[in-house]
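Presented below is the structure to which this report refers.
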Amino acid sequence: MKKELHIFFTALLFYTRIPCPKNIDHNPDYLNKASRYFPLIGWIVGGISFVVYFISSILFSYEIAIILSMIAGILTTGAFHEDGFADVCDGFGGGWTKEKILIIMKDSAIGAYGAIGLVLLFVLKFQSLGLSIQDIQQLELKVNHAPFFVLLLFIVAHSLSRLAAVSIVFTHKYSREDASSKSKPIAQSYSWKEVLGAFVFGLLPLLLLSCFQWQMLLVLFPVFITRIFLARYFQKWIDGYTGDCLGATQQVCEVVFYLSIIALWKFI
């Protein structure tokens with residue numbers, strides 16, 4: 001139990017800016033095992049984003065509340081995944097060989113592709129998150145249940161998208177041959193504990209939401225189709241994935257989840 005708690009705090013330290021006990025560090029062995037808790041980190045990030053949204057919606061307009069919730073999520077993770085998304089846009093947008101793509105993604109400076117990609121990502125996330133919140137609020141009215149469905153929306157979005165991202169680790173190889181990336185320990189090895197833990201924490205919130213509307217399970221298809229497409233795209237160009245690729249997958253799959261809720265609601 002003590003070891004598992006240490007592994008969890010290692011995941012919390014690596015994936016967020018939340019303060020952890022002083023004895024927690026980036027131990028490669030624990031960091032490799034921490035992938036099992038990546039979707040669980042999504043519970044925390046989603047929960048924080050919801051709290052900020054809920055309080056802000058009381059004090060400010062609906063639109064401001066959504067923007068503040070997005071800011072809260074970015075501050076919680078330190079823009080960890082958004083940075084990966086921008087690097088992927090720059091790398092695959094400006095590079096035509098594996099070596100060139102990896103070099104560009106390694107550069108800390110953001111380029112035109114990354115800047116444009118982030119702007120479009122944030123605009124799409126703002127719009128799709130807002131509309132999906134409206135749809136989920138209608139579910140509250142349908143089942144006459146306690147108003148916690150928006151909380152589930154936030155948690156599912158962050159946990160499911162992180163499951164989609166970390167599942168690439170289980171099916172593909174790490175692209176970089178050197179140990180220069182801080183994400184390299186995650187790619188070294190995994191066991192059934194990492195796979196089981198990731199899928200349990202990734203799917204449990206969605207299963208809970210589907211108890212009230214079973215059709216919600218259908219969002220798995222577009223999210224994982226997106227994951228499969230991205231994994232094949234990365235494999236084609238760089239023979240695997242990098243930490244930036246995982247971050248980009250998380251961001252794209254999160255937006256796809258919101259869009260899926262909007263599309264699905266037209267048929268419920």
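Ordering of the structure tokens sets the chain letters (A, B, ...); residue numbers start at 1 within each chain; ligands are numbered from 1 in the order shown.
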
Test item: residues at most 10 Å from Asp135 in chain A, only C-alpha atoms, excluding those fewer than 3 positions along its chain, as a VMD selection string: chain A and resid 129 to 132 138 to 140 150 261 to 266

Residues as selected, N, CA and C atoms, written as a PDB file, in the first residue's frame, can you do that?
ATOM      1  N   LEU A 129     -16.900  22.386 -25.291  1.00  0.00           N
ATOM      2  CA  LEU A 129     -17.136  22.179 -23.866  1.00  0.00           C
ATOM      3  C   LEU A 129     -18.409  22.883 -23.433  1.00  0.00           C
ATOM      4  N   GLY A 130     -18.603  24.106 -23.904  1.00  0.00           N
ATOM      5  CA  GLY A 130     -19.814  24.847 -23.538  1.00  0.00           C
ATOM      6  C   GLY A 130     -21.083  24.152 -23.988  1.00  0.00           C
ATOM      7  N   LEU A 131     -21.114  23.677 -25.230  1.00  0.00           N
ATOM      8  CA  LEU A 131     -22.305  23.008 -25.750  1.00  0.00           C
ATOM      9  C   LEU A 131     -22.527  21.651 -25.080  1.00  0.00           C
ATOM     10  N   SER A 132     -21.448  20.928 -24.790  1.00  0.00           N
ATOM     11  CA  SER A 132     -21.605  19.623 -24.133  1.00  0.00           C
ATOM     12  C   SER A 132     -22.095  19.785 -22.699  1.00  0.00           C
ATOM     13  N   GLN A 138     -29.158  18.958 -19.529  1.00  0.00           N
ATOM     14  CA  GLN A 138     -30.470  18.427 -19.911  1.00  0.00           C
ATOM     15  C   GLN A 138     -30.660  17.018 -19.360  1.00  0.00           C
ATOM     16  N   LEU A 139     -29.582  16.257 -19.267  1.00  0.00           N
ATOM     17  CA  LEU A 139     -29.659  14.920 -18.686  1.00  0.00           C
ATOM     18  C   LEU A 139     -30.070  14.999 -17.223  1.00  0.00           C
ATOM     19  N   GLU A 140     -29.594  16.011 -16.516  1.00  0.00           N
ATOM     20  CA  GLU A 140     -29.991  16.215 -15.119  1.00  0.00           C
ATOM     21  C   GLU A 140     -31.506  16.381 -15.010  1.00  0.00           C
ATOM     22  N   VAL A 150     -22.487  17.431 -14.663  1.00  0.00           N
ATOM     23  CA  VAL A 150     -21.445  18.268 -15.247  1.00  0.00           C
ATOM     24  C   VAL A 150     -20.094  17.891 -14.656  1.00  0.00           C
ATOM     25  N   ILE A 261     -20.247  14.105 -27.495  1.00  0.00           N
ATOM     26  CA  ILE A 261     -21.418  14.358 -26.638  1.00  0.00           C
ATOM     27  C   ILE A 261     -22.437  15.204 -27.383  1.00  0.00           C
ATOM     28  N   ILE A 262     -21.947  16.251 -28.053  1.00  0.00           N
ATOM     29  CA  ILE A 262     -22.848  17.151 -28.808  1.00  0.00           C
ATOM     30  C   ILE A 262     -23.556  16.396 -29.925  1.00  0.00           C
ATOM     31  N   ALA A 263     -22.796  15.602 -30.682  1.00  0.00           N
ATOM     32  CA  ALA A 263     -23.390  14.843 -31.791  1.00  0.00           C
ATOM     33  C   ALA A 263     -24.340  13.776 -31.280  1.00  0.00           C
ATOM     34  N   LEU A 264     -23.944  13.106 -30.207  1.00  0.00           N
ATOM     35  CA  LEU A 264     -24.755  12.021 -29.653  1.00  0.00           C
ATOM     36  C   LEU A 264     -26.081  12.526 -29.130  1.00  0.00           C
ATOM     37  N   TRP A 265     -26.091  13.735 -28.570  1.00  0.00           N
ATOM     38  CA  TRP A 265     -27.289  14.252 -27.944  1.00  0.00           C
ATOM     39  C   TRP A 265     -28.400  14.509 -28.948  1.00  0.00           C
ATOM     40  N   LYS A 266     -28.039  14.678 -30.191  1.00  0.00           N
ATOM     41  CA  LYS A 266     -29.061  14.902 -31.228  1.00  0.00           C
ATOM     42  C   LYS A 266     -29.905  13.661 -31.469  1.00  0.00           C
TER      43      LYS A 266
END

Selected residue, from A:Tyr30, A:Phe38, A:Phe9, A:Trp43, that lies nearest to Leu153 in chain A when counting only C-alpha atoms: A:Trp43

Shell of 10 Å around Leu121 in chain A, only C-alpha atoms, local chain residues under 4 positions omitted, as a ChimeraX atom specification: /A:82,85-86,115-117,125-126,251-252,255

Which of A:Leu5, A:Leu163, A:Cys245, A:Ile136 sits closest to Pro21 in chain A [using only C-alpha atoms]: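 The answer is A:Leu5, which sits nearest to Pro21 in chain A.
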
Extract the full set of helix (DSSP H, G or I) residues from range 75-153 of chain A according to DSSP on the backbone, and format it as a short mmCIF file (atom, residue, chain, number, x, y, z; two decimals) with N, CA and C atoms, in the first residue's frame.
data_model
loop_
_atom_site.label_atom_id
_atom_site.label_comp_id
_atom_site.auth_asym_id
_atom_site.auth_seq_id
_atom_site.Cartn_x
_atom_site.Cartn_y
_atom_site.Cartn_z
N LEU A 75 -3.31 25.39 -15.56
CA LEU A 75 -2.44 25.69 -14.42
C LEU A 75 -2.16 24.43 -13.59
N THR A 76 -3.13 23.56 -13.48
CA THR A 76 -2.95 22.33 -12.69
C THR A 76 -1.89 21.42 -13.30
N THR A 77 -1.88 21.33 -14.62
CA THR A 77 -0.92 20.45 -15.29
C THR A 77 0.34 21.18 -15.73
N PHE A 80 1.18 20.92 -19.55
CA PHE A 80 1.98 19.76 -19.92
C PHE A 80 1.54 19.18 -21.26
N HIS A 81 0.24 18.98 -21.41
CA HIS A 81 -0.28 18.34 -22.62
C HIS A 81 -0.45 19.34 -23.76
N GLU A 82 -0.81 20.57 -23.42
CA GLU A 82 -0.91 21.61 -24.45
C GLU A 82 0.44 21.87 -25.10
N ASP A 83 1.50 21.83 -24.30
CA ASP A 83 2.85 21.99 -24.84
C ASP A 83 3.19 20.85 -25.80
N GLY A 84 2.78 19.63 -25.44
CA GLY A 84 3.01 18.49 -26.32
C GLY A 84 2.25 18.64 -27.63
N PHE A 85 1.03 19.14 -27.54
CA PHE A 85 0.23 19.36 -28.75
C PHE A 85 0.90 20.37 -29.66
N ALA A 86 1.39 21.47 -29.08
CA ALA A 86 2.05 22.50 -29.88
C ALA A 86 3.31 21.95 -30.53
N ASP A 87 4.08 21.15 -29.79
CA ASP A 87 5.31 20.57 -30.34
C ASP A 87 5.00 19.61 -31.49
N VAL A 88 3.92 18.85 -31.35
CA VAL A 88 3.53 17.93 -32.42
C VAL A 88 3.11 18.72 -33.67
N CYS A 89 2.37 19.80 -33.48
CA CYS A 89 1.99 20.64 -34.62
C CYS A 89 3.22 21.18 -35.33
N ASP A 90 4.18 21.66 -34.57
CA ASP A 90 5.41 22.19 -35.16
C ASP A 90 6.22 21.09 -35.84
N GLY A 91 6.38 19.97 -35.12
CA GLY A 91 7.22 18.89 -35.63
C GLY A 91 6.69 18.27 -36.90
N PHE A 92 5.42 17.87 -36.86
CA PHE A 92 4.86 17.20 -38.03
C PHE A 92 4.47 18.19 -39.12
N GLY A 93 4.28 19.45 -38.73
CA GLY A 93 3.98 20.47 -39.73
C GLY A 93 5.21 20.93 -40.48
N GLY A 94 6.35 20.98 -39.79
CA GLY A 94 7.55 21.52 -40.41
C GLY A 94 8.60 20.49 -40.79
N LYS A 98 11.87 11.59 -40.10
CA LYS A 98 11.80 11.27 -38.68
C LYS A 98 12.78 12.12 -37.89
N GLU A 99 14.00 12.23 -38.36
CA GLU A 99 15.03 12.98 -37.65
C GLU A 99 14.64 14.45 -37.51
N LYS A 100 14.14 15.04 -38.59
CA LYS A 100 13.77 16.46 -38.57
C LYS A 100 12.59 16.70 -37.64
N ILE A 101 11.60 15.82 -37.69
CA ILE A 101 10.43 15.96 -36.83
C ILE A 101 10.83 15.90 -35.36
N LEU A 102 11.68 14.96 -35.02
CA LEU A 102 12.10 14.80 -33.62
C LEU A 102 12.93 15.99 -33.16
N ILE A 103 13.76 16.53 -34.04
CA ILE A 103 14.56 17.70 -33.69
C ILE A 103 13.66 18.91 -33.43
N ILE A 104 12.68 19.12 -34.29
CA ILE A 104 11.77 20.26 -34.13
C ILE A 104 10.96 20.12 -32.84
N MET A 105 10.47 18.92 -32.56
CA MET A 105 9.68 18.72 -31.34
C MET A 105 10.51 18.92 -30.09
N LYS A 106 11.81 18.67 -30.20
CA LYS A 106 12.70 18.85 -29.05
C LYS A 106 12.96 20.31 -28.76
N ALA A 112 5.10 28.64 -35.83
CA ALA A 112 3.82 29.07 -36.39
C ALA A 112 2.77 27.96 -36.33
N TYR A 113 3.18 26.74 -36.68
CA TYR A 113 2.23 25.63 -36.64
C TYR A 113 1.71 25.39 -35.22
N GLY A 114 2.60 25.46 -34.25
CA GLY A 114 2.20 25.25 -32.87
C GLY A 114 1.28 26.33 -32.37
N ALA A 115 1.58 27.59 -32.69
CA ALA A 115 0.76 28.72 -32.25
C ALA A 115 -0.64 28.65 -32.87
N ILE A 116 -0.67 28.40 -34.17
CA ILE A 116 -1.97 28.29 -34.86
C ILE A 116 -2.76 27.11 -34.31
N GLY A 117 -2.08 26.00 -34.11
CA GLY A 117 -2.75 24.81 -33.58
C GLY A 117 -3.36 25.05 -32.21
N LEU A 118 -2.63 25.73 -31.32
CA LEU A 118 -3.14 26.00 -29.98
C LEU A 118 -4.35 26.92 -30.02
N VAL A 119 -4.29 27.95 -30.86
CA VAL A 119 -5.43 28.88 -30.97
C VAL A 119 -6.67 28.13 -31.41
N LEU A 120 -6.54 27.33 -32.46
CA LEU A 120 -7.69 26.58 -32.96
C LEU A 120 -8.17 25.55 -31.94
N LEU A 121 -7.23 24.92 -31.23
CA LEU A 121 -7.59 23.94 -30.20
C LEU A 121 -8.40 24.58 -29.09
N PHE A 122 -7.94 25.73 -28.59
CA PHE A 122 -8.63 26.40 -27.49
C PHE A 122 -10.01 26.91 -27.91
N VAL A 123 -10.11 27.44 -29.12
CA VAL A 123 -11.41 27.91 -29.61
C VAL A 123 -12.39 26.75 -29.72
N LEU A 124 -11.92 25.65 -30.30
CA LEU A 124 -12.78 24.47 -30.45
C LEU A 124 -13.15 23.87 -29.09
N LYS A 125 -12.19 23.84 -28.18
CA LYS A 125 -12.47 23.30 -26.85
C LYS A 125 -13.48 24.17 -26.11
N PHE A 126 -13.33 25.48 -26.22
CA PHE A 126 -14.26 26.41 -25.56
C PHE A 126 -15.68 26.20 -26.06
N GLN A 127 -15.83 26.14 -27.38
CA GLN A 127 -17.16 25.98 -27.96
C GLN A 127 -17.76 24.62 -27.66
N SER A 128 -16.97 23.57 -27.84
CA SER A 128 -17.50 22.21 -27.66
C SER A 128 -17.76 21.90 -26.19
N LEU A 129 -16.90 22.39 -25.29
CA LEU A 129 -17.14 22.18 -23.87
C LEU A 129 -18.41 22.88 -23.43
N GLY A 130 -18.60 24.11 -23.90
CA GLY A 130 -19.81 24.85 -23.54
C GLY A 130 -21.08 24.15 -23.99
N LEU A 131 -21.11 23.68 -25.23
CA LEU A 131 -22.31 23.01 -25.75
C LEU A 131 -22.53 21.65 -25.08
N SER A 132 -21.45 20.93 -24.79
CA SER A 132 -21.61 19.62 -24.13
C SER A 132 -22.09 19.79 -22.70
N ILE A 133 -21.70 20.87 -22.03
CA ILE A 133 -22.23 21.15 -20.68
C ILE A 133 -23.73 21.37 -20.75
N GLN A 134 -24.18 22.10 -21.76
CA GLN A 134 -25.62 22.34 -21.91
C GLN A 134 -26.37 21.02 -22.13
N ASP A 135 -25.79 20.13 -22.93
CA ASP A 135 -26.42 18.84 -23.18
C ASP A 135 -26.49 17.99 -21.91
N ILE A 136 -25.40 17.96 -21.15
CA ILE A 136 -25.37 17.17 -19.92
C ILE A 136 -26.32 17.74 -18.89
N GLN A 137 -26.51 19.05 -18.87
CA GLN A 137 -27.46 19.65 -17.94
C GLN A 137 -28.89 19.22 -18.26
N GLN A 138 -29.16 18.96 -19.53
CA GLN A 138 -30.47 18.43 -19.91
C GLN A 138 -30.66 17.02 -19.36
N LEU A 139 -29.58 16.26 -19.27
CA LEU A 139 -29.66 14.92 -18.69
C LEU A 139 -30.07 15.00 -17.22
N GLU A 140 -29.59 16.01 -16.52
CA GLU A 140 -29.99 16.22 -15.12
C GLU A 140 -31.51 16.38 -15.01
N LEU A 141 -32.06 17.14 -15.95
CA LEU A 141 -33.50 17.38 -15.92
C LEU A 141 -34.29 16.13 -16.27
N LYS A 142 -33.74 15.31 -17.18
CA LYS A 142 -34.43 14.10 -17.62
C LYS A 142 -34.58 13.08 -16.50
N VAL A 143 -33.53 12.88 -15.73
CA VAL A 143 -33.55 11.82 -14.71
C VAL A 143 -33.90 12.35 -13.34
N PHE A 149 -23.91 15.82 -12.94
CA PHE A 149 -23.56 15.29 -14.25
C PHE A 149 -22.49 16.13 -14.95
N VAL A 150 -22.49 17.43 -14.66
CA VAL A 150 -21.45 18.27 -15.25
C VAL A 150 -20.09 17.89 -14.66
N LEU A 151 -20.08 17.57 -13.37
CA LEU A 151 -18.85 17.08 -12.74
C LEU A 151 -18.37 15.81 -13.44
N LEU A 152 -19.29 14.89 -13.71
CA LEU A 152 -18.93 13.67 -14.41
C LEU A 152 -18.41 13.97 -15.81
N LEU A 153 -19.01 14.97 -16.46
CA LEU A 153 -18.56 15.35 -17.80
C LEU A 153 -17.08 15.75 -17.78
#

Between CA of Ile18 in chain A and CA of Glu4 in chain A - distance in Å to one decimal: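 That distance, rounded to one decimal, is 18.0 Å.
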
Between CA of Ile7 in chain A and CA of Ala164 in chain A - distance in Å to one decimal: 20.5 Å
